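Q: Mind looking over this structure? Questions follow.
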Amino acid sequence: MKYLSEYRDADIARTLIARITARATRRWTLMEVCGGQTHTIVRQGLDELLDGAVEMIHGPGCPVCVTPLEQIDKALIIAARPDVIFTSFGDMLRVPGSDCDLQQVRSRGGDVKVVYSPLDALALAQRHPDKEVVFFAVGFETTAPANAMAVWRARELGVPNFSVLVSHVTVPPAITAILEAPDNRVQGFLAAGHVCAVMGYTEYEPIAERYRVPIVVTGFEPVDILEGIAMAVQQLEEGRHAVENQYVRSVRREGTAPARTLVARVFELANRQWRGIGEIPMSGLRLRDEFAAYDAERKFGVGALTVMEPAACRAGEVLTGRIKPPQCAAFGTACTPERPLGAPMVSTEGACSAYYNLARYRSTESAEAAS
Amino acid sequence: MSDTVKPVALHCPVPIEATDRVQLGHGSGGKLSAQLVARHFLPHFDNPALAQLGDASIVRVPGGEVALSTDSFVVQPLEFPGGNIGSLAVHGTLNDVAMMGAHAICLTAGFVLEEGLPLAVLDRVIAEMARASREAGVPIVAGDTKVVERGKADGLYINTTGLGVVDPDFRPGPARARPGDAIVLSGPIARHGMAIMAAREGLTFESAITSDSAALAPLVNALRDAGIDVHVLRDPTRGGVASALNEIAIASGVGIEIDDTALPVPGDVRAACEMLGLDPLYVANEGVMVAFVPEGQTGASLAALRSHPLGADAVCIGRVVAAHPRIVALRTALGGTRVVDLLPGDQLPRIC
């Protein structure tokens, strides 16, 4: 952990905040794409400290937040089957489907287990040959190599009772979709460091060029994020729009070749629904036909399911920065952390949940001041 | 497990919080736990002693008052670095009595044993239990055993009940926090929960994370003997320091501010939390306590705690404020602020 301490150093962070505030001649609007970065920003209160110089929009980079309702509903259907052990990363368990979540399926007798790696799920399938073990393969390019590896290994080892419910999304098409929106406000992006550690950042160069936006590949510690913001602000002030790499200790321009190769062998690009946003062309990954035997959608016949999202939930507009959470009529009324309508209210660092807590804090403070 | 799974209906009732089944989150110590108690137990078991909702209940008896607490232990694995379910069952209940400022005088123990449990495991659990009871000087004076069929319990469950004598001159309580109080923490946090998680997940570090499971009465006595006017005592077990502070803020109707930089989290525990995507503030402890003391007695409180090995790393982590009542706010290392809320249910590991 020692190698991380300099990226958490409060003095360095304060120096960077001062530099950003001094450099910004106007209030720039940046979006951090990755949920891990949002986590740090919210937990450290970075956006509050930057207030005035930079507005941070928390983008659609939390895999929990963007997994479409229909994939959640497919997960619920599969997990409820008596012959299935359904495995997932922990924070997918509370994401509301159309009418319940995986935790409730578990309380009704479904066998739902939290795992930390898809390979753990594969091992579970080997130990329970009488059961179908399904892994909920969600995430961006970061989790894709491990998920691809699990499928690859399953075929290699001949584990017929293992399959994956794929809900993989990729970052560049999402950035493009945000920039294409007529009312887009985002002037620069912090690209997700770990996604780029896998994929590299050549895909972002044409985007920066075409839309004339700075894109800075950024890490996850407070100092990383502030450096990334400082680099983006510097570009904006100078009128430049390049892809720059703040996260040099992990990311190379061409990414990690073995991981990319494995992902490309197992998955192919496909259209994908994003929760609250809708379909983005070629923005997701699906299993190649040669791995169809490991595709849970085909195995359990749920591929055709389509679901309407709750009309009251404006998660898509929140995730693309078009509205702030309090501008949604359901915010804090029909939609709270205990009873989330949309995914950004689920996780503690989801944009809606973060605003909900901040609003609670500020309202009591102002009530005190008034009394 | 596999043959007990029944087909389930697909249409769960909405809204989510109005579930018609017990969920694991109901046992997490967060909002769901509080709802379960408030909606399903309190309406039936209504009485003044229970209504205090303290770690232990205070009951009037001829000649004074006693503190009574009961707790059930269902931990997996049964044995973990730093203890086992037996020592935990002793420490956990003794600490609930100690947090009322009461002197524990005896314990009872009930065992639910699963058919097939190796007797060698049972022997080790009971030996640790006896050692913990002996070290605390509190005997186990009554007990019960039941055996259930294989598959009906997870090896071994233990319930313990503790009885203590209340000190009329030393009565901390969850509703007694006052603006200006300093919040003192007796030692590093999140060790128990992460020792259990690491054992469950097979995580290994240079040295194993050990549970902090310990009897806290010596620390309470140290504060009492130093003449500290302790307003609130709480051992932040299930739900961690964050949940304990929220409960106190609500019970006392005050705001709480804590400093991120002051929170002692051992390096290996922090590393494990980050690997598993957990926040140490919500991870269980079994051998630390928070004490709310008058600001002017902060130094004396820290000195008293540090005089005992268990409190060697005691620190002040924050203060009680009149602003933002019922809300716990955390000041980050960089000077930002965030609300530390009660979790709705179980803390779920994050993906990214």
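Lettering and numbering for the structure tokens are positional, with chains as A, B, ... in the shown order, residues counted from 1 in each chain, and ligands counted from 1 in the shown order.
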Quick one: which residues from chain A are at most 8 Å off chain B, using only C-alpha atoms, as JSON, numbers by chain?
A: {"A": [1, 10, 13, 14, 35, 36, 42, 43, 44, 45, 46, 48, 49, 62, 63, 64, 76, 77, 80, 81, 82, 89, 90, 91, 93, 99, 100, 103, 104, 105, 106, 107, 108, 109, 110, 111, 116, 139, 337, 338, 339, 357, 358, 361, 362, 364, 365, 368]}
Q: Would you list the contacts of A:His168 as a ChimeraX atom specification, taking every protein, DNA or RNA residue within 8 Å and counting only C-alpha atoms, but skipping same-chain residues closer than 5 positions in sequence?
A: /A:137-141,144,284-286
Q: Could you give me, as an MDAnalysis selection string, the residues within 6 Å of stretch 154-160 of chain B, counting only C-alpha atoms and dropping anything in the same chain fewer than 3 positions from it?
A: chainID B and resid 70:74 108:114 117
Q: Give me a file of those residues, with N, CA and C atoms, as a PDB file, in the first residue's frame.
A:
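Final file, out23.pdb:
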ATOM      1  N   THR B  70     -28.892 -10.071  25.901  1.00  0.00           N
ATOM      2  CA  THR B  70     -28.799 -11.387  25.287  1.00  0.00           C
ATOM      3  C   THR B  70     -28.396 -11.227  23.828  1.00  0.00           C
ATOM      4  N   ASP B  71     -27.639 -12.170  23.324  1.00  0.00           N
ATOM      5  CA  ASP B  71     -27.110 -12.052  21.973  1.00  0.00           C
ATOM      6  C   ASP B  71     -26.899 -13.453  21.403  1.00  0.00           C
ATOM      7  N   SER B  72     -27.157 -13.621  20.117  1.00  0.00           N
ATOM      8  CA  SER B  72     -26.947 -14.912  19.465  1.00  0.00           C
ATOM      9  C   SER B  72     -25.800 -14.798  18.472  1.00  0.00           C
ATOM     10  N   PHE B  73     -25.010 -15.854  18.363  1.00  0.00           N
ATOM     11  CA  PHE B  73     -23.807 -15.825  17.537  1.00  0.00           C
ATOM     12  C   PHE B  73     -23.895 -16.908  16.476  1.00  0.00           C
ATOM     13  N   VAL B  74     -23.758 -16.487  15.220  1.00  0.00           N
ATOM     14  CA  VAL B  74     -23.967 -17.401  14.089  1.00  0.00           C
ATOM     15  C   VAL B  74     -22.795 -17.296  13.109  1.00  0.00           C
ATOM     16  N   THR B 108     -25.160 -16.842  30.894  1.00  0.00           N
ATOM     17  CA  THR B 108     -25.723 -18.150  30.557  1.00  0.00           C
ATOM     18  C   THR B 108     -25.403 -18.421  29.092  1.00  0.00           C
ATOM     19  N   ALA B 109     -25.428 -19.679  28.714  1.00  0.00           N
ATOM     20  CA  ALA B 109     -25.099 -20.019  27.332  1.00  0.00           C
ATOM     21  C   ALA B 109     -26.048 -21.089  26.811  1.00  0.00           C
ATOM     22  N   GLY B 110     -26.619 -20.873  25.628  1.00  0.00           N
ATOM     23  CA  GLY B 110     -27.443 -21.871  24.957  1.00  0.00           C
ATOM     24  C   GLY B 110     -26.779 -22.269  23.653  1.00  0.00           C
ATOM     25  N   PHE B 111     -26.738 -23.577  23.375  1.00  0.00           N
ATOM     26  CA  PHE B 111     -26.052 -24.079  22.178  1.00  0.00           C
ATOM     27  C   PHE B 111     -27.047 -24.787  21.270  1.00  0.00           C
ATOM     28  N   VAL B 112     -27.035 -24.448  19.985  1.00  0.00           N
ATOM     29  CA  VAL B 112     -27.754 -25.238  18.988  1.00  0.00           C
ATOM     30  C   VAL B 112     -26.684 -25.929  18.156  1.00  0.00           C
ATOM     31  N   LEU B 113     -26.615 -27.245  18.255  1.00  0.00           N
ATOM     32  CA  LEU B 113     -25.563 -28.010  17.585  1.00  0.00           C
ATOM     33  C   LEU B 113     -26.160 -28.754  16.400  1.00  0.00           C
ATOM     34  N   GLU B 114     -25.418 -28.764  15.290  1.00  0.00           N
ATOM     35  CA  GLU B 114     -25.873 -29.480  14.108  1.00  0.00           C
ATOM     36  C   GLU B 114     -25.321 -30.903  14.134  1.00  0.00           C
ATOM     37  N   LEU B 117     -21.430 -32.215  13.665  1.00  0.00           N
ATOM     38  CA  LEU B 117     -20.364 -31.295  14.072  1.00  0.00           C
ATOM     39  C   LEU B 117     -19.261 -32.093  14.766  1.00  0.00           C
TER      40      LEU B 117
END
Q: Please identify all polymer residues within 6 Å of stretch 266-273 of chain A, counting only C-alpha atoms, omitting same-chain residues fewer than 6 positions from it, and present them as a ChimeraX atom specification.
A: /A:68,148,279-288
Q: How would you write, as a VMD selection string, the set of residues in stretch 105-176 of chain B that DSSP gives as alpha helix (DSSP H)?
A: chain B and resid 119 to 136
Q: Go ahead and save the picked residues with N, CA and C atoms, as a compact mmCIF listing (two decimals), in the first residue's frame.
A:
# COMPACT_ATOMS: atom_id res chain seq x y z
N LEU B 119 -16.76 -33.26 17.35
CA LEU B 119 -16.65 -32.93 18.78
C LEU B 119 -15.36 -32.18 19.07
N ALA B 120 -14.32 -32.42 18.25
CA ALA B 120 -13.07 -31.70 18.46
C ALA B 120 -13.29 -30.20 18.28
N VAL B 121 -14.13 -29.83 17.30
CA VAL B 121 -14.43 -28.41 17.09
C VAL B 121 -15.19 -27.88 18.30
N LEU B 122 -16.20 -28.63 18.74
CA LEU B 122 -16.99 -28.20 19.90
C LEU B 122 -16.08 -28.00 21.11
N ASP B 123 -15.14 -28.93 21.31
CA ASP B 123 -14.24 -28.82 22.45
C ASP B 123 -13.40 -27.55 22.38
N ARG B 124 -12.91 -27.24 21.19
CA ARG B 124 -12.08 -26.03 21.06
C ARG B 124 -12.92 -24.79 21.32
N VAL B 125 -14.17 -24.79 20.83
CA VAL B 125 -15.05 -23.64 21.03
C VAL B 125 -15.30 -23.45 22.52
N ILE B 126 -15.59 -24.56 23.21
CA ILE B 126 -15.93 -24.45 24.63
C ILE B 126 -14.70 -24.05 25.45
N ALA B 127 -13.52 -24.56 25.06
CA ALA B 127 -12.31 -24.20 25.78
C ALA B 127 -12.03 -22.69 25.67
N GLU B 128 -12.22 -22.14 24.47
CA GLU B 128 -12.02 -20.70 24.28
C GLU B 128 -13.05 -19.89 25.06
N MET B 129 -14.25 -20.42 25.07
CA MET B 129 -15.34 -19.77 25.79
C MET B 129 -15.00 -19.70 27.28
N ALA B 130 -14.50 -20.83 27.79
CA ALA B 130 -14.15 -20.91 29.21
C ALA B 130 -13.00 -19.96 29.52
N ARG B 131 -12.03 -19.90 28.58
CA ARG B 131 -10.89 -19.01 28.81
C ARG B 131 -11.36 -17.56 28.87
N ALA B 132 -12.23 -17.18 27.92
CA ALA B 132 -12.72 -15.80 27.87
C ALA B 132 -13.49 -15.47 29.15
N SER B 133 -14.29 -16.42 29.61
CA SER B 133 -15.10 -16.20 30.81
C SER B 133 -14.19 -16.06 32.04
N ARG B 134 -13.15 -16.92 32.10
CA ARG B 134 -12.21 -16.89 33.23
C ARG B 134 -11.45 -15.56 33.23
N GLU B 135 -10.96 -15.16 32.07
CA GLU B 135 -10.19 -13.91 32.02
C GLU B 135 -11.03 -12.71 32.42
N ALA B 136 -12.31 -12.75 32.08
CA ALA B 136 -13.18 -11.62 32.43
C ALA B 136 -13.65 -11.72 33.87
Q: A:Val217: which residues within 8 Å, counting only C-alpha atoms, same-chain residues fewer than 4 positions away excluded, as a list in words?
A: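 Contacts, in chain order: Leu190, Ala191, Ala192, Gly193, Cys196, Tyr201, Gly228, Val243, Glu244, Asn245, Gln246 and Tyr247 of chain A.
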Q: Could you pull out the strand (DSSP E or B) residues of stretch 79-238 of chain B from DSSP and send them as a tab-separated table (two decimals) with N, CA and C atoms, in the first residue's frame?
A:
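Below is the file that was written, part17.tsv:
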chain	number	residue	atom	x	y	z
B	79	GLU	N	-14.20	-20.89	13.58
B	79	GLU	CA	-12.90	-20.52	14.15
B	79	GLU	C	-12.20	-19.57	13.19
B	80	PHE	N	-11.57	-18.54	13.75
B	80	PHE	CA	-10.95	-17.52	12.91
B	80	PHE	C	-9.74	-16.97	13.65
B	83	GLY	N	-9.70	-15.79	17.60
B	83	GLY	CA	-10.76	-16.30	18.46
B	83	GLY	C	-11.61	-17.34	17.77
B	84	ASN	N	-12.73	-17.67	18.40
B	84	ASN	CA	-13.72	-18.52	17.76
B	84	ASN	C	-15.10	-18.12	18.25
B	103	HIS	N	-21.49	-3.73	36.03
B	103	HIS	CA	-20.51	-4.78	36.33
B	103	HIS	C	-21.14	-6.13	36.05
B	104	ALA	N	-20.60	-6.89	35.10
B	104	ALA	CA	-21.17	-8.20	34.79
B	104	ALA	C	-20.88	-9.16	35.94
B	105	ILE	N	-21.90	-9.96	36.30
B	105	ILE	CA	-21.66	-10.93	37.37
B	105	ILE	C	-21.81	-12.38	36.89
B	106	CYS	N	-22.61	-12.63	35.87
B	106	CYS	CA	-22.68	-14.01	35.37
B	106	CYS	C	-23.23	-14.04	33.95
B	107	LEU	N	-23.02	-15.19	33.31
B	107	LEU	CA	-23.48	-15.42	31.94
B	107	LEU	C	-24.25	-16.73	31.88
B	108	THR	N	-25.16	-16.84	30.89
B	108	THR	CA	-25.72	-18.15	30.56
B	108	THR	C	-25.40	-18.42	29.09
B	109	ALA	N	-25.43	-19.68	28.71
B	109	ALA	CA	-25.10	-20.02	27.33
B	109	ALA	C	-26.05	-21.09	26.81
B	110	GLY	N	-26.62	-20.87	25.63
B	110	GLY	CA	-27.44	-21.87	24.96
B	110	GLY	C	-26.78	-22.27	23.65
B	111	PHE	N	-26.74	-23.58	23.38
B	111	PHE	CA	-26.05	-24.08	22.18
B	111	PHE	C	-27.05	-24.79	21.27
B	112	VAL	N	-27.03	-24.45	19.98
B	112	VAL	CA	-27.75	-25.24	18.99
B	112	VAL	C	-26.68	-25.93	18.16
B	113	LEU	N	-26.61	-27.24	18.25
B	113	LEU	CA	-25.56	-28.01	17.58
B	113	LEU	C	-26.16	-28.75	16.40
B	114	GLU	N	-25.42	-28.76	15.29
B	114	GLU	CA	-25.87	-29.48	14.11
B	114	GLU	C	-25.32	-30.90	14.13
B	140	ILE	N	-19.93	-18.73	33.66
B	140	ILE	CA	-21.12	-19.17	32.92
B	140	ILE	C	-21.90	-20.08	33.87
B	141	VAL	N	-23.05	-19.61	34.32
B	141	VAL	CA	-23.71	-20.29	35.44
B	141	VAL	C	-24.91	-21.13	35.03
B	142	ALA	N	-25.33	-21.07	33.80
B	142	ALA	CA	-26.44	-21.91	33.34
B	142	ALA	C	-26.27	-22.13	31.85
B	143	GLY	N	-26.77	-23.27	31.37
B	143	GLY	CA	-26.61	-23.54	29.95
B	143	GLY	C	-27.66	-24.48	29.42
B	144	ASP	N	-27.68	-24.64	28.10
B	144	ASP	CA	-28.66	-25.51	27.47
B	144	ASP	C	-28.06	-25.98	26.15
B	145	THR	N	-28.34	-27.22	25.78
B	145	THR	CA	-27.92	-27.68	24.45
B	145	THR	C	-29.11	-28.27	23.73
B	146	LYS	N	-29.16	-28.04	22.42
B	146	LYS	CA	-30.13	-28.68	21.55
B	146	LYS	C	-29.36	-29.17	20.32
B	147	VAL	N	-29.79	-30.29	19.77
B	147	VAL	CA	-29.18	-30.79	18.55
B	147	VAL	C	-30.23	-30.81	17.45
B	148	VAL	N	-29.88	-30.28	16.28
B	148	VAL	CA	-30.80	-30.32	15.15
B	148	VAL	C	-30.20	-31.17	14.03
B	156	LEU	N	-22.92	-24.78	14.38
B	156	LEU	CA	-23.07	-24.46	15.80
B	156	LEU	C	-23.53	-23.01	15.94
B	157	TYR	N	-24.61	-22.80	16.69
B	157	TYR	CA	-25.01	-21.44	17.06
B	157	TYR	C	-24.94	-21.33	18.58
B	158	ILE	N	-24.60	-20.17	19.08
B	158	ILE	CA	-24.56	-19.96	20.53
B	158	ILE	C	-25.36	-18.72	20.88
B	159	ASN	N	-26.17	-18.82	21.91
B	159	ASN	CA	-26.81	-17.64	22.50
B	159	ASN	C	-26.25	-17.46	23.90
B	160	THR	N	-25.86	-16.24	24.23
B	160	THR	CA	-25.44	-15.98	25.61
B	160	THR	C	-26.26	-14.83	26.17
B	161	THR	N	-26.48	-14.89	27.48
B	161	THR	CA	-27.16	-13.81	28.19
B	161	THR	C	-26.25	-13.38	29.33
B	162	GLY	N	-26.15	-12.08	29.52
B	162	GLY	CA	-25.30	-11.56	30.58
B	162	GLY	C	-26.10	-10.73	31.57
B	163	LEU	N	-25.73	-10.86	32.82
B	163	LEU	CA	-26.40	-10.10	33.89
B	163	LEU	C	-25.35	-9.25	34.58
B	164	GLY	N	-25.66	-7.98	34.79
B	164	GLY	CA	-24.71	-7.10	35.46
B	164	GLY	C	-25.41	-6.20	36.47
B	165	VAL	N	-24.63	-5.68	37.39
B	165	VAL	CA	-25.18	-4.77	38.39
B	165	VAL	C	-24.89	-3.35	37.95
B	182	ALA	N	-16.59	15.23	23.12
B	182	ALA	CA	-15.57	14.64	22.25
B	182	ALA	C	-15.88	13.16	22.09
B	183	ILE	N	-15.57	12.63	20.91
B	183	ILE	CA	-15.81	11.21	20.65
B	183	ILE	C	-14.47	10.49	20.62
B	184	VAL	N	-14.30	9.59	21.58
B	184	VAL	CA	-13.03	8.91	21.75
B	184	VAL	C	-13.22	7.45	21.34
B	185	LEU	N	-12.28	6.94	20.55
B	185	LEU	CA	-12.34	5.56	20.07
B	185	LEU	C	-11.17	4.80	20.69
B	232	VAL	N	-21.91	8.65	26.71
B	232	VAL	CA	-22.36	7.52	25.89
B	232	VAL	C	-21.20	6.54	25.75
B	233	LEU	N	-21.52	5.25	25.82
B	233	LEU	CA	-20.56	4.20	25.51
B	233	LEU	C	-21.22	3.29	24.49
B	234	ARG	N	-20.46	2.85	23.49
B	234	ARG	CA	-21.05	1.93	22.53
B	234	ARG	C	-19.94	1.08	21.93
Q: Just give me the gap between atom CA of A:Val95 and atom CA of A:Pro344 in Å, one decimal is fine.
A: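 Separation of atom CA of A:Val95 and atom CA of A:Pro344: 9.5 Å.
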Q: So that I can check the surroundings of A:Tyr356, please list as a PDB file with C-alpha atoms, in the first residue's frame every protein, DNA and RNA residue that reaches within 9 Å of it, counting only C-alpha atoms and ignoring chain neighbours fewer than 4 positions away.
A:
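Saved as selection.pdb:
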ATOM      1  CA  PRO A 325     -30.785  14.529  -9.532  1.00  0.00           C
ATOM      2  CA  PRO A 326     -32.987  17.010  -7.579  1.00  0.00           C
ATOM      3  CA  PHE A 331     -36.045  12.309  -6.387  1.00  0.00           C
ATOM      4  CA  GLY A 332     -36.420  11.896  -2.634  1.00  0.00           C
ATOM      5  CA  THR A 336     -34.977   6.994  -2.114  1.00  0.00           C
ATOM      6  CA  PRO A 337     -31.954   4.853  -1.170  1.00  0.00           C
ATOM      7  CA  MET A 345     -29.987   5.732  -6.196  1.00  0.00           C
ATOM      8  CA  ALA A 351     -25.155  10.318  -8.423  1.00  0.00           C
ATOM      9  CA  CYS A 352     -28.722  10.337  -7.039  1.00  0.00           C
ATOM     10  CA  ARG A 360     -30.306  15.864   3.819  1.00  0.00           C
ATOM     11  CA  TYR A 361     -27.152  17.335   5.364  1.00  0.00           C
TER      12      TYR A 361
END
Q: Considering only C-alpha atoms, can you say which of B:Asn246, B:Asn47, B:Ser213, B:Ser252 comes closest to B:Gly187?
A: B:Ser213
Q: Of the candidates A:Phe136, A:Val169, A:Thr29, A:Arg19, which shows the shortest atom-to-atom distance to A:Val213, using only C-alpha atoms?
A: A:Thr29
Q: Please report the interatomic distance between atom CA of A:Leu30 and atom CA of A:Asp224 in Å with one decimal.
A: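 If I compute the distance from atom CA of A:Leu30 to atom CA of A:Asp224, I get 15.0 Å.
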Q: Point out the residue among A:Ala123, A:Ala343, A:Met31, A:Val159 with the least atom-to-atom distance to A:Gln187, counting only C-alpha atoms.
A: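 The answer is A:Met31, which sits nearest to A:Gln187.
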